[in-house]
Amino acid sequence: MTGLRKSVAVIVLQFVAATTLGAWRCFLEETAVTQTVEILAESSTQLRKVTPEIQARLDSMLDVARREIIEDGMSNAITERLAELFLRDFDAVIPALMALIESGRTAPIIAAELLKELGRIRDTTSHASRRWILEHALNASSPFVRDGAGLGLARLADPAALRYLRRAIEGEPNAQTRADLQLVVDELAETAR
């Protein structure tokens, strides 16, 4: 099954389940069972299966984050835990995060926070992988997630992302997100000079 078909199948199953279990449980309350992470075949990163320990730490971080108020500039489970988790095993965490973001099984505010925080991590070994996931997330269905990807790229401060940002701006239907992405382009273009 392709990624799109799997996503549609998951949504249909969640909708059917929502009629008997309630929308909150099916769409908003995510557990380790509903967050089964599949490794994305299209990823350009060197993929490794997520170890049970890493999966448990990722699930724990996300469970805590779902119960927090996520605001820019404020500490939360993601800002406190993602860097350590990521630096432990980025080859496994990258595809796990990408699967979470692409599946739509996590709230856009959480996905956006993950993306912004990926840009803050300072690690040359994972730089290209982080840039890849941020560039890829510029195509997410949620404008909030696309904006988070743009902010992550701004924090990453890599002018190599400029062509992806410019392409995203050309196709961006949301005026505010387009304006935010343009600010990132302007900032990175200035850095490149």
# chains A, B, ... in the order shown; residues from 1 in each chain; ligands from 1
$ select_by_dssp --residues "range 72-150 of chain A" --states "helix (DSSP H, G or I)" --output "MDAnalysis selection string"
chainID A and resid 77:88 90:103 108:120 127:137 143:150
$ write_last_selection --atoms "C-alpha atoms" --output "compact mmCIF listing (two decimals), in the first residue's frame"
# COMPACT_ATOMS: atom_id res chain seq x y z
CA ALA A 77 8.25 18.48 26.60
CA ILE A 78 9.40 18.82 23.00
CA THR A 79 11.87 21.63 23.65
CA GLU A 80 13.18 19.79 26.71
CA ARG A 81 13.45 16.25 25.33
CA LEU A 82 13.68 16.17 21.52
CA ALA A 83 17.34 17.15 21.19
CA GLU A 84 18.55 14.42 23.53
CA LEU A 85 16.32 11.81 21.94
CA PHE A 86 17.33 12.92 18.48
CA LEU A 87 21.05 12.95 19.17
CA ARG A 88 20.88 9.45 20.65
CA PHE A 90 18.76 10.32 14.70
CA ASP A 91 18.78 7.64 11.98
CA ALA A 92 15.75 6.04 13.63
CA VAL A 93 14.08 9.19 14.95
CA ILE A 94 13.96 11.02 11.59
CA PRO A 95 11.70 8.49 9.85
CA ALA A 96 9.62 8.09 13.01
CA LEU A 97 9.00 11.85 13.15
CA MET A 98 8.31 12.00 9.42
CA ALA A 99 5.75 9.21 9.72
CA LEU A 100 4.03 11.04 12.58
CA ILE A 101 3.90 14.31 10.67
CA GLU A 102 2.78 12.80 7.37
CA SER A 103 0.17 10.54 8.92
CA PRO A 108 -0.65 20.25 13.86
CA ILE A 109 0.58 22.33 16.82
CA ILE A 110 2.64 19.35 18.05
CA ALA A 111 3.99 18.62 14.55
CA ALA A 112 4.90 22.29 14.10
CA GLU A 113 6.69 22.36 17.46
CA LEU A 114 8.66 19.22 16.50
CA LEU A 115 9.72 20.88 13.24
CA LYS A 116 10.72 24.15 14.87
CA GLU A 117 12.77 22.29 17.44
CA LEU A 118 14.51 20.21 14.75
CA GLY A 119 15.89 23.46 13.39
CA ARG A 120 17.34 24.42 16.78
CA HIS A 127 22.13 18.49 9.59
CA ALA A 128 21.25 17.19 6.11
CA SER A 129 18.62 14.80 7.51
CA ARG A 130 17.00 17.57 9.53
CA ARG A 131 17.00 19.91 6.54
CA TRP A 132 15.40 17.14 4.46
CA ILE A 133 12.53 16.58 6.89
CA LEU A 134 11.96 20.33 7.22
CA GLU A 135 11.95 20.82 3.44
CA HIS A 136 9.63 17.85 3.01
CA ALA A 137 7.22 19.24 5.63
CA PRO A 143 -0.67 25.48 7.04
CA PHE A 144 0.34 25.38 10.71
CA VAL A 145 2.74 22.50 9.98
CA ARG A 146 4.09 24.27 6.87
CA ASP A 147 4.70 27.38 8.96
CA GLY A 148 6.48 25.25 11.58
CA ALA A 149 8.68 23.80 8.83
CA GLY A 150 9.55 27.32 7.69
$ residues_around --residues "Arg193 in chain A" --least-positions-apart "4" --cutoff "10 Å" --atoms "only C-alpha atoms" --output "PyMOL selection string"
chain A and resi 159+188-189
$ residues_around --residues "range 179-181 of chain A" --least-positions-apart "5" --cutoff "9 Å" --atoms "only C-alpha atoms" --output "PyMOL selection string"
chain A and resi 146-147+150-151+165-166+168-169+174+186
$ write_last_selection --atoms "C-alpha atoms" --output "PDB file, in the first residue's frame"
ATOM      1  CA  ARG A 146       4.087  24.265   6.865  1.00  0.00           C
ATOM      2  CA  ASP A 147       4.704  27.375   8.963  1.00  0.00           C
ATOM      3  CA  GLY A 150       9.554  27.321   7.693  1.00  0.00           C
ATOM      4  CA  LEU A 151      10.473  28.368  11.225  1.00  0.00           C
ATOM      5  CA  LEU A 165      11.297  27.672   0.392  1.00  0.00           C
ATOM      6  CA  ARG A 166      10.860  29.685  -2.807  1.00  0.00           C
ATOM      7  CA  ALA A 168       6.820  26.429  -1.372  1.00  0.00           C
ATOM      8  CA  ILE A 169       5.959  30.138  -1.475  1.00  0.00           C
ATOM      9  CA  ASN A 174      -2.513  30.506   2.782  1.00  0.00           C
ATOM     10  CA  ASP A 186      14.598  37.053   3.239  1.00  0.00           C
TER      11      ASP A 186
END
$ atom_distance --atom1 "CA of Thr125 in chain A" --atom2 "CA of Ala160 in chain A"
16.1 Å
